[in-house]
Structures are given as C-alpha cells and as structure tokens.
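Below: input05.csv (CSV, C-alpha atoms and all ligand atoms)
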```csv
chain,number,residue,atom,x,y,z
A,1,MET,CA,-100.8,-42.9,-89.0
A,2,THR,CA,-103.9,-43.0,-86.8
A,3,GLU,CA,-102.8,-46.5,-85.9
A,4,PHE,CA,-99.5,-45.1,-84.7
A,5,ALA,CA,-101.1,-42.4,-82.7
A,6,GLU,CA,-103.4,-44.9,-81.0
A,7,LYS,CA,-100.4,-47.2,-80.3
A,8,ILE,CA,-98.6,-44.3,-78.5
A,9,VAL,CA,-101.6,-43.3,-76.5
A,10,ASN,CA,-102.4,-46.9,-75.5
A,11,LYS,CA,-98.7,-47.5,-74.5
A,12,ALA,CA,-98.7,-44.3,-72.4
A,13,VAL,CA,-101.8,-45.4,-70.6
A,14,SER,CA,-100.4,-48.9,-70.0
A,15,LEU,CA,-97.4,-47.2,-68.4
A,16,ASN,CA,-99.7,-45.4,-65.9
A,17,PHE,CA,-99.9,-42.0,-67.6
A,18,GLU,CA,-103.4,-40.8,-67.0
A,19,LYS,CA,-103.9,-39.3,-70.4
A,20,CYS,CA,-101.8,-38.8,-73.6
A,21,GLY,CA,-102.6,-36.7,-76.6
A,22,ILE,CA,-100.7,-35.7,-79.8
A,23,ILE,CA,-100.7,-32.4,-81.7
A,24,GLY,CA,-98.8,-31.1,-84.7
A,25,VAL,CA,-95.9,-28.7,-83.7
A,26,ASP,CA,-97.8,-25.9,-85.5
A,27,ALA,CA,-100.4,-26.0,-82.7
A,28,MET,CA,-97.7,-24.6,-80.4
A,29,LYS,CA,-97.7,-21.3,-82.2
A,30,GLY,CA,-100.5,-20.0,-79.9
A,31,TYR,CA,-98.0,-20.2,-77.0
A,32,GLY,CA,-96.0,-17.5,-78.7
A,33,GLU,CA,-99.0,-15.1,-78.5
A,34,LYS,CA,-99.5,-16.1,-74.9
A,35,LEU,CA,-95.9,-15.2,-74.2
A,36,ALA,CA,-96.2,-11.9,-76.0
A,37,ASN,CA,-99.2,-11.0,-73.9
A,38,ARG,CA,-97.4,-11.9,-70.7
A,39,ILE,CA,-94.5,-9.8,-71.6
A,40,GLU,CA,-96.8,-6.9,-72.4
A,41,ARG,CA,-98.5,-7.3,-69.0
A,42,PHE,CA,-95.2,-7.7,-67.0
A,43,PRO,CA,-92.5,-6.0,-69.1
A,44,GLU,CA,-90.0,-6.5,-66.2
A,45,THR,CA,-90.0,-10.2,-67.0
A,46,GLU,CA,-89.3,-9.9,-70.7
A,47,LYS,CA,-85.6,-10.9,-70.6
A,48,MET,CA,-86.4,-14.1,-68.7
A,49,LEU,CA,-89.6,-14.9,-70.7
A,50,ARG,CA,-87.7,-14.5,-74.1
A,51,ASN,CA,-85.8,-17.6,-73.1
A,52,PHE,CA,-89.0,-19.6,-73.7
A,53,ALA,CA,-89.7,-18.2,-77.1
A,54,HIS,CA,-88.5,-21.3,-78.9
A,55,PHE,CA,-91.2,-23.3,-77.1
A,56,ALA,CA,-93.7,-21.9,-79.6
A,57,ASP,CA,-91.6,-23.4,-82.5
A,58,PRO,CA,-89.8,-26.5,-81.4
A,59,ARG,CA,-88.3,-26.9,-84.9
A,60,GLN,CA,-85.9,-24.1,-84.1
A,61,LYS,CA,-84.0,-26.6,-81.9
A,62,PHE,CA,-85.3,-29.8,-83.4
A,63,PRO,CA,-85.7,-29.2,-87.2
A,64,TRP,CA,-87.0,-32.7,-87.7
A,65,ALA,CA,-89.9,-32.4,-85.2
A,66,LYS,CA,-93.4,-32.8,-86.6
A,67,SER,CA,-95.6,-33.5,-83.6
A,68,VAL,CA,-95.7,-33.2,-79.8
A,69,VAL,CA,-96.8,-36.2,-77.7
A,70,ILE,CA,-98.0,-34.9,-74.3
A,71,CYS,CA,-98.8,-37.0,-71.3
A,72,SER,CA,-100.2,-36.3,-67.8
A,73,TRP,CA,-99.0,-38.2,-64.7
A,74,ARG,CA,-101.1,-37.9,-61.5
A,75,VAL,CA,-98.8,-36.9,-58.6
A,76,GLY,CA,-101.6,-36.3,-56.0
A,77,VAL,CA,-101.5,-40.0,-55.1
A,78,TYR,CA,-98.3,-39.6,-53.0
A,79,ARG,CA,-98.2,-39.1,-49.3
A,80,ILE,CA,-96.8,-35.8,-48.2
A,81,PRO,CA,-94.9,-35.9,-44.9
A,82,TYR,CA,-96.8,-33.7,-42.5
A,83,ASN,CA,-93.8,-31.5,-41.6
A,84,LEU,CA,-93.1,-30.5,-45.2
A,85,ASN,CA,-96.6,-29.2,-45.9
A,86,GLY,CA,-96.4,-25.4,-46.3
A,87,LEU,CA,-92.6,-25.6,-46.4
A,88,ILE,CA,-91.9,-27.1,-49.8
A,89,GLY,CA,-94.3,-27.2,-52.7
A,90,LYS,CA,-95.8,-30.6,-53.1
A,91,HIS,CA,-95.0,-31.0,-56.8
A,92,TYR,CA,-91.3,-30.7,-56.0
A,93,LEU,CA,-91.5,-33.3,-53.3
A,94,VAL,CA,-92.8,-35.9,-55.7
A,95,ASP,CA,-90.9,-34.8,-58.8
A,96,GLY,CA,-90.0,-37.8,-60.8
A,97,ARG,CA,-88.3,-36.0,-63.7
A,98,ARG,CA,-84.7,-36.8,-62.5
A,99,ASN,CA,-85.5,-39.4,-59.8
A,100,LYS,CA,-84.6,-42.8,-61.2
A,101,ALA,CA,-86.5,-44.5,-58.5
A,102,ALA,CA,-89.8,-42.8,-59.4
A,103,ASP,CA,-92.5,-44.5,-61.4
A,104,ALA,CA,-92.9,-41.3,-63.6
A,105,TYR,CA,-89.2,-41.4,-64.5
A,106,ARG,CA,-89.5,-45.0,-65.6
A,107,GLY,CA,-92.7,-44.2,-67.5
A,108,ASN,CA,-91.0,-41.4,-69.4
A,109,MET,CA,-88.0,-43.6,-70.3
A,110,LEU,CA,-90.2,-46.5,-71.4
A,111,LEU,CA,-92.5,-44.4,-73.6
A,112,GLU,CA,-89.6,-42.8,-75.4
A,113,LYS,CA,-87.9,-46.2,-75.9
A,114,TYR,CA,-91.2,-47.6,-77.2
A,115,MET,CA,-91.5,-44.8,-79.8
A,116,THR,CA,-87.8,-45.1,-80.9
A,117,ASP,CA,-87.2,-48.9,-80.7
A,118,GLU,CA,-90.6,-50.3,-81.6
A,119,LEU,CA,-92.2,-47.7,-83.7
A,120,HIS,CA,-88.9,-46.6,-85.2
A,121,MET,CA,-89.5,-42.9,-84.8
A,122,HIS,CA,-87.0,-40.2,-84.0
A,123,ALA,CA,-88.1,-39.0,-80.6
A,124,ALA,CA,-86.7,-36.4,-78.1
A,125,SER,CA,-87.7,-35.6,-74.6
A,126,ALA,CA,-86.4,-33.2,-72.0
A,127,HIS,CA,-88.4,-34.0,-69.0
A,128,ASP,CA,-86.4,-31.6,-66.8
A,129,SER,CA,-85.4,-28.7,-69.0
A,130,GLY,CA,-88.2,-28.4,-71.5
A,131,ILE,CA,-88.5,-28.7,-75.2
A,132,THR,CA,-91.8,-26.9,-75.5
A,133,SER,CA,-94.6,-25.6,-73.2
A,134,CYS,CA,-96.1,-28.7,-71.6
A,135,ARG,CA,-99.2,-26.8,-70.3
A,136,TRP,CA,-100.0,-25.3,-73.7
A,137,ALA,CA,-99.4,-28.7,-75.5
A,138,ALA,CA,-101.7,-30.4,-72.9
A,139,MET,CA,-104.4,-27.9,-73.3
A,140,SER,CA,-104.2,-28.1,-77.1
A,141,ALA,CA,-104.3,-31.9,-77.0
A,142,GLY,CA,-107.5,-31.7,-74.9
A,143,ILE,CA,-106.0,-33.8,-72.0
A,144,GLY,CA,-107.0,-31.0,-69.6
A,145,SER,CA,-107.4,-27.3,-69.3
A,146,ILE,CA,-105.6,-24.2,-67.9
A,147,ARG,CA,-107.5,-22.5,-65.0
A,148,LYS,CA,-107.3,-18.9,-63.8
A,149,ASN,CA,-104.3,-19.8,-61.6
A,150,ASN,CA,-102.4,-20.8,-64.8
A,151,PHE,CA,-102.0,-24.4,-63.7
A,152,PHE,CA,-102.9,-27.4,-65.8
A,153,TYR,CA,-106.0,-29.3,-64.6
A,154,GLY,CA,-106.9,-32.9,-65.5
A,155,ASP,CA,-109.7,-35.0,-64.2
A,156,HIS,CA,-108.2,-34.8,-60.7
A,157,GLY,CA,-107.4,-31.1,-60.2
A,158,SER,CA,-104.0,-29.6,-60.9
A,159,TYR,CA,-101.9,-32.2,-59.1
A,160,TYR,CA,-100.2,-33.6,-62.3
A,161,ALA,CA,-96.8,-33.7,-63.9
A,162,LEU,CA,-96.6,-33.3,-67.6
A,163,SER,CA,-94.2,-34.9,-70.0
A,164,ALA,CA,-93.6,-33.8,-73.6
A,165,PHE,CA,-91.9,-35.7,-76.4
A,166,LEU,CA,-91.2,-34.5,-79.9
A,167,ILE,CA,-91.5,-37.0,-82.7
A,168,ASP,CA,-90.7,-36.9,-86.4
A,169,GLN,CA,-94.1,-38.1,-87.6
A,170,ASP,CA,-97.2,-36.2,-88.5
A,171,LEU,CA,-99.7,-37.6,-85.9
A,172,GLU,CA,-102.7,-36.2,-84.1
A,173,TYR,CA,-104.7,-37.5,-81.2
A,174,ILE,CA,-106.9,-34.8,-79.6
A,175,HIS,CA,-109.2,-35.4,-76.8
A,176,THR,CA,-112.5,-33.6,-76.3
A,177,PRO,CA,-112.1,-31.7,-73.0
A,178,THR,CA,-115.0,-32.3,-70.6
A,179,HIS,CA,-114.0,-29.9,-67.7
A,180,LYS,CA,-116.2,-27.0,-66.8
A,181,PRO,CA,-114.3,-23.7,-66.8
A,182,CYS,CA,-113.7,-21.7,-63.6
A,183,SER,CA,-116.9,-20.0,-62.5
A,184,ASP,CA,-117.0,-16.3,-63.3
A,185,SER,CA,-117.4,-15.5,-59.6
A,186,CYS,CA,-114.4,-17.5,-58.3
A,187,ASN,CA,-111.4,-15.5,-57.5
A,188,LEU,CA,-109.9,-17.5,-54.7
A,189,CYS,CA,-106.5,-18.2,-56.3
A,190,VAL,CA,-106.0,-14.5,-57.1
A,191,LYS,CA,-107.2,-13.4,-53.7
A,192,ASN,CA,-105.0,-15.8,-51.7
A,193,CYS,CA,-101.8,-15.4,-53.6
A,194,PRO,CA,-99.5,-14.2,-50.8
A,195,THR,CA,-97.3,-12.0,-53.0
A,196,ARG,CA,-100.0,-10.8,-55.4
A,197,SER,CA,-97.9,-12.4,-58.1
A,198,LEU,CA,-101.1,-13.8,-59.6
A,199,ALA,CA,-102.3,-10.3,-60.3
A,200,GLU,CA,-105.5,-11.2,-62.1
A,201,PRO,CA,-106.9,-14.4,-63.6
A,202,TYR,CA,-104.4,-16.0,-66.0
A,203,ALA,CA,-101.8,-13.2,-65.4
A,204,MET,CA,-98.9,-14.1,-63.1
A,205,CYS,CA,-95.7,-12.1,-62.7
A,206,SER,CA,-93.0,-14.7,-62.4
A,207,PHE,CA,-90.6,-12.4,-60.5
A,208,ALA,CA,-93.1,-12.0,-57.6
A,209,CYS,CA,-94.1,-15.7,-57.4
A,210,VAL,CA,-92.9,-17.5,-54.2
A,211,SER,CA,-91.7,-20.4,-56.4
A,212,TYR,CA,-89.5,-18.1,-58.4
A,213,LEU,CA,-88.3,-16.1,-55.3
A,214,THR,CA,-87.3,-19.2,-53.4
A,215,ASN,CA,-86.0,-21.3,-56.3
A,216,LYS,CA,-84.4,-18.9,-58.7
A,217,CYS,CA,-84.0,-15.5,-57.1
A,218,TYR,CA,-80.5,-15.2,-55.8
A,219,ASP,CA,-80.5,-11.5,-55.5
A,220,ASN,CA,-81.4,-10.6,-51.9
A,221,GLY,CA,-82.2,-7.1,-53.0
A,222,ALA,CA,-85.0,-8.5,-55.2
A,223,PHE,CA,-86.0,-11.0,-52.5
A,224,ALA,CA,-86.3,-8.6,-49.6
A,225,PRO,CA,-89.4,-6.6,-50.6
A,226,LEU,CA,-91.5,-9.7,-50.7
A,227,SER,CA,-89.7,-11.7,-47.9
A,228,SER,CA,-92.5,-11.2,-45.4
A,229,GLU,CA,-95.2,-12.3,-47.9
A,230,ILE,CA,-93.3,-15.5,-48.6
A,231,GLY,CA,-94.2,-16.7,-45.1
A,232,GLY,CA,-93.0,-20.1,-44.2
A,233,TRP,CA,-92.2,-21.4,-47.7
A,234,ILE,CA,-88.6,-22.3,-48.3
A,235,TYR,CA,-89.0,-23.9,-51.8
A,236,GLY,CA,-92.1,-23.4,-53.9
A,237,CYS,CA,-95.6,-22.5,-53.0
A,238,ASP,CA,-98.9,-24.4,-53.2
A,239,VAL,CA,-101.4,-21.7,-52.2
A,240,CYS,CA,-103.1,-20.9,-55.5
A,241,GLN,CA,-103.6,-24.6,-56.1
A,242,ASP,CA,-104.6,-25.6,-52.6
A,243,VAL,CA,-107.4,-23.0,-52.3
A,244,CYS,CA,-109.0,-24.0,-55.6
A,245,PRO,CA,-112.3,-25.8,-55.2
A,246,HIS,CA,-111.4,-28.0,-58.2
A,247,ASN,CA,-108.6,-29.5,-56.1
A,248,LYS,CA,-110.8,-30.3,-53.1
A,249,GLY,CA,-110.1,-33.9,-52.0
A,250,GLU,CA,-107.8,-34.5,-55.0
A,251,TRP,CA,-104.5,-34.9,-53.2
A,252,LEU,CA,-105.1,-38.5,-52.1
A,253,GLY,CA,-101.7,-39.2,-50.5
A,254,ASP,CA,-102.2,-43.0,-50.3
A,255,ARG,CA,-98.9,-44.1,-51.8
A,256,ASP,CA,-95.2,-43.6,-50.7
A,257,PHE,CA,-92.9,-41.7,-53.0
A,258,PRO,CA,-89.4,-43.2,-53.0
A,259,GLY,CA,-87.1,-41.8,-50.3
A,260,LEU,CA,-89.5,-39.0,-49.3
A,261,ASP,CA,-90.2,-40.1,-45.7
A,262,GLU,CA,-86.5,-40.6,-45.0
A,263,LEU,CA,-85.6,-37.1,-46.4
A,264,ALA,CA,-88.5,-35.5,-44.5
A,265,GLY,CA,-86.9,-36.3,-41.2
A,266,GLU,CA,-83.9,-34.2,-42.3
A,267,ILE,CA,-85.8,-31.1,-43.3
A,268,SER,CA,-87.1,-28.2,-41.1
A,269,PRO,CA,-86.2,-24.5,-41.2
A,270,GLU,CA,-83.7,-25.1,-38.3
A,271,LYS,CA,-82.2,-28.2,-39.8
A,272,VAL,CA,-81.7,-26.5,-43.2
A,273,VAL,CA,-80.0,-23.5,-41.5
A,274,MET,CA,-77.6,-25.8,-39.7
A,275,MET,CA,-77.2,-28.2,-42.6
A,276,ASP,CA,-73.8,-29.2,-43.8
A,277,TYR,CA,-73.0,-27.7,-47.2
A,278,GLU,CA,-71.9,-31.1,-48.6
A,279,TYR,CA,-75.3,-32.5,-47.6
A,280,LEU,CA,-77.0,-29.6,-49.3
A,281,ARG,CA,-75.0,-30.1,-52.5
A,282,ASN,CA,-75.0,-33.9,-52.6
A,283,VAL,CA,-78.5,-34.8,-51.2
A,284,ILE,CA,-80.8,-31.8,-51.3
A,285,SER,CA,-79.7,-30.2,-54.5
A,286,PRO,CA,-80.1,-33.4,-56.7
A,287,LYS,CA,-83.7,-33.8,-55.4
A,288,PHE,CA,-84.7,-30.2,-55.5
A,289,TRP,CA,-82.6,-29.3,-58.6
A,290,TYR,CA,-83.9,-25.8,-59.3
A,291,ILE,CA,-81.3,-24.7,-56.9
A,292,ALA,CA,-77.9,-25.8,-58.3
A,293,PRO,CA,-75.1,-27.2,-56.0
A,294,ASP,CA,-73.2,-23.9,-56.3
A,295,ASP,CA,-76.2,-21.9,-55.1
A,296,VAL,CA,-77.2,-24.0,-52.0
A,297,TRP,CA,-76.7,-21.0,-49.7
A,298,VAL,CA,-80.1,-19.9,-50.9
A,299,TRP,CA,-81.7,-22.8,-49.0
A,300,LYS,CA,-80.3,-21.2,-45.8
A,301,ARG,CA,-81.5,-17.7,-46.8
A,302,ASN,CA,-85.0,-19.2,-47.4
A,303,ALA,CA,-85.0,-21.1,-44.2
A,304,LEU,CA,-83.9,-18.0,-42.2
A,305,ASN,CA,-86.6,-16.0,-43.9
A,306,ALA,CA,-89.2,-18.6,-42.9
A,307,MET,CA,-87.9,-18.3,-39.3
A,308,ARG,CA,-88.1,-14.6,-39.4
A,309,ASN,CA,-91.7,-14.8,-40.5
A,310,GLY,CA,-92.4,-17.6,-38.0
A,311,ARG,CA,-91.1,-15.5,-35.1
A,312,ASP,CA,-90.6,-18.6,-32.8
A,313,LYS,CA,-88.3,-18.7,-29.9
A,314,ARG,CA,-87.2,-22.2,-30.8
A,315,TYR,CA,-85.4,-20.8,-33.8
A,316,GLU,CA,-82.9,-18.8,-31.7
A,317,ALA,CA,-80.2,-21.5,-31.6
A,318,ALA,CA,-80.2,-21.9,-35.3
A,319,ILE,CA,-80.0,-18.2,-36.0
A,320,ILE,CA,-77.0,-17.9,-33.6
A,321,SER,CA,-75.4,-20.8,-35.3
A,322,ALA,CA,-75.9,-19.2,-38.8
A,323,CYS,CA,-74.0,-16.1,-37.6
A,324,SER,CA,-70.9,-18.2,-38.1
A,325,ASP,CA,-72.0,-19.9,-41.3
A,326,GLU,CA,-69.3,-20.3,-43.9
A,327,ASP,CA,-71.2,-18.2,-46.4
A,328,GLY,CA,-71.1,-14.4,-45.8
A,329,ARG,CA,-74.5,-13.9,-47.3
A,330,VAL,CA,-76.1,-16.3,-44.8
A,331,ARG,CA,-74.1,-14.7,-41.9
A,332,ALA,CA,-75.3,-11.3,-42.9
A,333,ILE,CA,-79.0,-12.3,-42.8
A,334,ALA,CA,-78.5,-14.2,-39.5
A,335,GLU,CA,-76.7,-11.3,-37.9
A,336,ASP,CA,-79.5,-8.9,-38.9
A,337,MET,CA,-82.0,-11.3,-37.4
A,338,LYS,CA,-80.0,-11.6,-34.2
A,339,ASN,CA,-79.7,-7.8,-34.0
A,340,GLY,CA,-83.4,-7.3,-34.9
A,341,SER,CA,-82.5,-5.2,-38.0
A,342,GLY,CA,-83.3,-6.0,-41.7
A,343,LYS,CA,-80.6,-3.9,-43.3
A,344,ASN,CA,-78.0,-6.5,-44.4
A,345,ALA,CA,-80.6,-8.9,-45.6
A,346,GLU,CA,-81.4,-6.5,-48.4
A,347,ARG,CA,-77.8,-6.5,-49.6
A,348,LYS,CA,-76.8,-8.7,-52.4
B,1,LIG,S1,-97.5,-20.3,-56.5
B,1,LIG,FE1,-97.9,-19.0,-54.7
B,1,LIG,S2,-96.9,-17.1,-55.2
B,1,LIG,FE2,-97.0,-18.2,-57.1
B,1,LIG,S3,-98.9,-17.5,-58.1
B,1,LIG,FE3,-99.4,-19.3,-56.9
B,1,LIG,S4,-100.1,-18.5,-54.9
B,1,LIG,FE4,-99.0,-16.9,-55.9
B,2,LIG,S1,-109.5,-20.9,-57.4
B,2,LIG,FE1,-111.3,-20.5,-58.6
B,2,LIG,S2,-110.7,-19.1,-60.1
B,2,LIG,FE2,-108.8,-20.0,-59.3
B,2,LIG,S3,-108.4,-21.7,-60.6
B,2,LIG,FE3,-109.6,-22.5,-59.0
B,2,LIG,S4,-111.8,-22.4,-59.7
B,2,LIG,FE4,-110.5,-21.1,-61.0
```

Translate the structure of the given file into structure tokens.
Amino acid sequence: MTEFAEKIVNKAVSLNFEKCGIIGVDAMKGYGEKLANRIERFPETEKMLRNFAHFADPRQKFPWAKSVVICSWRVGVYRIPYNLNGLIGKHYLVDGRRNKAADAYRGNMLLEKYMTDELHMHAASAHDSGITSCRWAAMSAGIGSIRKNNFFYGDHGSYYALSAFLIDQDLEYIHTPTHKPCSDSCNLCVKNCPTRSLAEPYAMCSFACVSYLTNKCYDNGAFAPLSSEIGGWIYGCDVCQDVCPHNKGEWLGDRDFPGLDELAGEISPEKVVMMDYEYLRNVISPKFWYIAPDDVWVWKRNALNAMRNGRDKRYEAAIISACSDEDGRVRAIAEDMKNGSGKNAERK
C-alpha cells in the first residue's frame, strides 16, 4: 500500500502539483468540529454552513471512500493584468477548475485517470463543487498549514489551488510541516479586512466577506450595509492575503494564464455596467462561475457599487446608460446613483 501511496504522490508531482498528501477519510472528522465552532461564533451563517457538514464524513455521499488524496497547485506564477488588480480576486482570474485550457485542469484530469486506469482504483473528484474540505485535508496531510486569515499556505504563501480526490483504498502519505506559525503579534489580516468579516484570527463570518457579498449575495438588502466597505472589488477580494508578510514576493506573475490578457481588455467597472447580457452569460459567467448565467445582473450591481465607491466623473456615462438597463434591479441602483440617493439600492 505504501508503494501505491508513493506512486500517486510521485505522479502528482510529475504533473506539476507542488505537493500531494494522502489521509484516511476519518481524518476529516476534525473539520466537523471546526464547522460547529464557526456556527457557534456566527450563528447567522448556520443554514449555509450546514450544507458543508458532509465534508467531515465523505462516506455520506461516497460510501466506498477510504482515503483523501490532496494536492496543491501554485497559482502565484501567473501574470495578473494590471487593470484587474483590486477589481477581481486573483485566485478567480487563474482558476483552472473548469478551464480546459489550464494546466491545473489537465493535471487534475490526468491524476484521476492515472489512479483509475493504471492503479485500478475507484476515484472521485469534484474540483469545482467540493467533495470534502480541501483546506482541512491539506493541513491534515501536512502539505501546508492554515494561517490566521483562514487561508491555506504552502511553501510559497497562500497563492495555491487545492484539488481533492476520494479513493477506495486505505492509503496514507503525510508530510511533516515545516512552516512557522503566524507570529503572536501579527494581526495584519484581521486589521485590514475591509468589512471586518475576519473578526478575529481564524474566525471569519462568510456573510460579511467581500467574496461572498460579490459572488453569492443576491439580496441587495444584505449587500447594502457593507457596500461602501467593499470598495472597488467586483468579484472576490485579496486583502487578507495580500497584506500577509508570508505572501511577500510570492506572486511571481511570470507566466501567462490562457485567455486572461484578452479578457482583461473587456473588463472595467464601466465596461461591465454597459456589457451585453449575452456576453455576461456566455463569456464572463463560464469563467467566473460563482455567479450563474441567470444571475449575471449581479455583475452590474457590483460594478455600479465599485463606481459609487470610486466617485469618479468618468463613470457618469456608464451610470446614465445603466438607468435604461434591461434589468430593473440594475436600473434602480443606477437611478439612485444618478439622483444621489441610496434608497432603491437597498431594495431587493
Ligand atoms: S477576503 Fe477580504 S473580506 Fe473576506 S476575510 Fe479576507 S479581507 Fe476580509
Ligand atoms: S497577516 Fe499575519 S496574522 Fe494574518 S495570516 Fe499573515 S502572518 Fe498570520
């Protein structure tokens, strides 16, 4: 069995994953406690967090599962177009989970194929919807650690994507972590979180996180109270990672991510507000898939919000154009902005 574990880890490394570890599914139980603590700390998020309860016991959905293979992929190697910095979270820009042209996508597919076709295992992956908690699995397998901002850190900061696979074999390959923990005196991530979502070390209220607010919050009443704090972000947020000293110099940006430069030319707050809905559904939504095609009006809400926070004269034409947008929710926000009031923006 050790031989199988080594074969999987070596194959993953040959496919350019930085690290790979393997743990028994029982090692995921600790995630259940973490979830319970989070619910106790932020009871308002209970309903949403309960959706992840099965992550602590992958056998609920995959009764045959015995181990979790967890791999880290370094994403900080990709060049981020200048105009998208501070607008869209970097991880989303270089997300290879559904992008068939991305190396990480290919790596995921080939590793799964290797385990099924060559090692004759039953293997399952869900690179985009999740079969278990990748961060918890990665920490348990020793391929990195979780810092006070709740992000996974490997040898090169937090700029990684994680991929989990369930297999029907009892295997284990656990690394000895070498990372120093956060210093007791550092509080930079908590201090700089724009919405105070990261309320204290290791404790983040999802409903207040800019990533949640811009990707998953479609209720303008819930969005409005934190809309100023969201600043210029229209999809995701990098602040608690970018301020971290352990990330200093770790986003290398010396390689091109497929299609990113071409897309970058199409994206700015004004361009998003004036964007054709077909383009939003057919081009933007497949890449930034947390916002589904039916919900793409949210892109315009977020872009208008970034304009409101940016207070720049150059946005006027886009705001006036949005007053005749085909979606009433977008029109209401734009009209409020044009009239200098915030009332309608708070309506659902
Ligand atoms: S991603 Fe942004 S909003 Fe969310 S916890 Fe980090 S700094 Fe706060
Ligand atoms: S900013 Fe400081 S406290 Fe936060 S994760 Fe980085 S080292 Fe830890």

Exercise for the section: Output the neighbourhood of ligand LIG 2 (chain B) as an NGL selection string, that is, all protein and nucleic acid residues with some atom at most 10 Å from the ligand, counting all atoms listed in the file. Expected result: :A and (146-153 or 157-158 or 180-192 or 198 or 200-202 or 239-248)

Practice task
Would you work out the distance separating CA of Thr2 in chain A from CA of Leu119 in chain A, expressed in Å to one decimal?
Solution key: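 So the answer is 13.0 Å.
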
Practice task
May I have the residues at most 12 Å from (-78.3, -14.5, -45.3) in the file's coordinates, counting all atoms listed in the file, as a VMD selection string?
Solution key: chain A and resid 218 to 221 223 to 224 273 296 to 308 319 322 to 338 342 to 348

Handout entry: Contacts of ligand LIG 1 (chain B), 6 Å or closer, all atoms listed in the file, given as an NGL selection string
Key = :A and (193-195 or 197-198 or 209-211 or 237-240)

Problem - Among listed residues A:Asn282, A:Glu112, A:Phe165, A:Ser206, nearest Lys47 in chain A (using only C-alpha atoms) - result: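 Going through A:Asn282, A:Glu112, A:Phe165, A:Ser206 one by one, the smallest distance to Lys47 in chain A is for A:Ser206.
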
Practice task
Go through A:Lys11, A:Lys271, A:Arg79, A:His175 and flag the residue nearest Leu111 in chain A, using only C-alpha atoms for the distances.
Solution key: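 The shortest atom-to-atom distance to Leu111 in chain A comes from A:Lys11.
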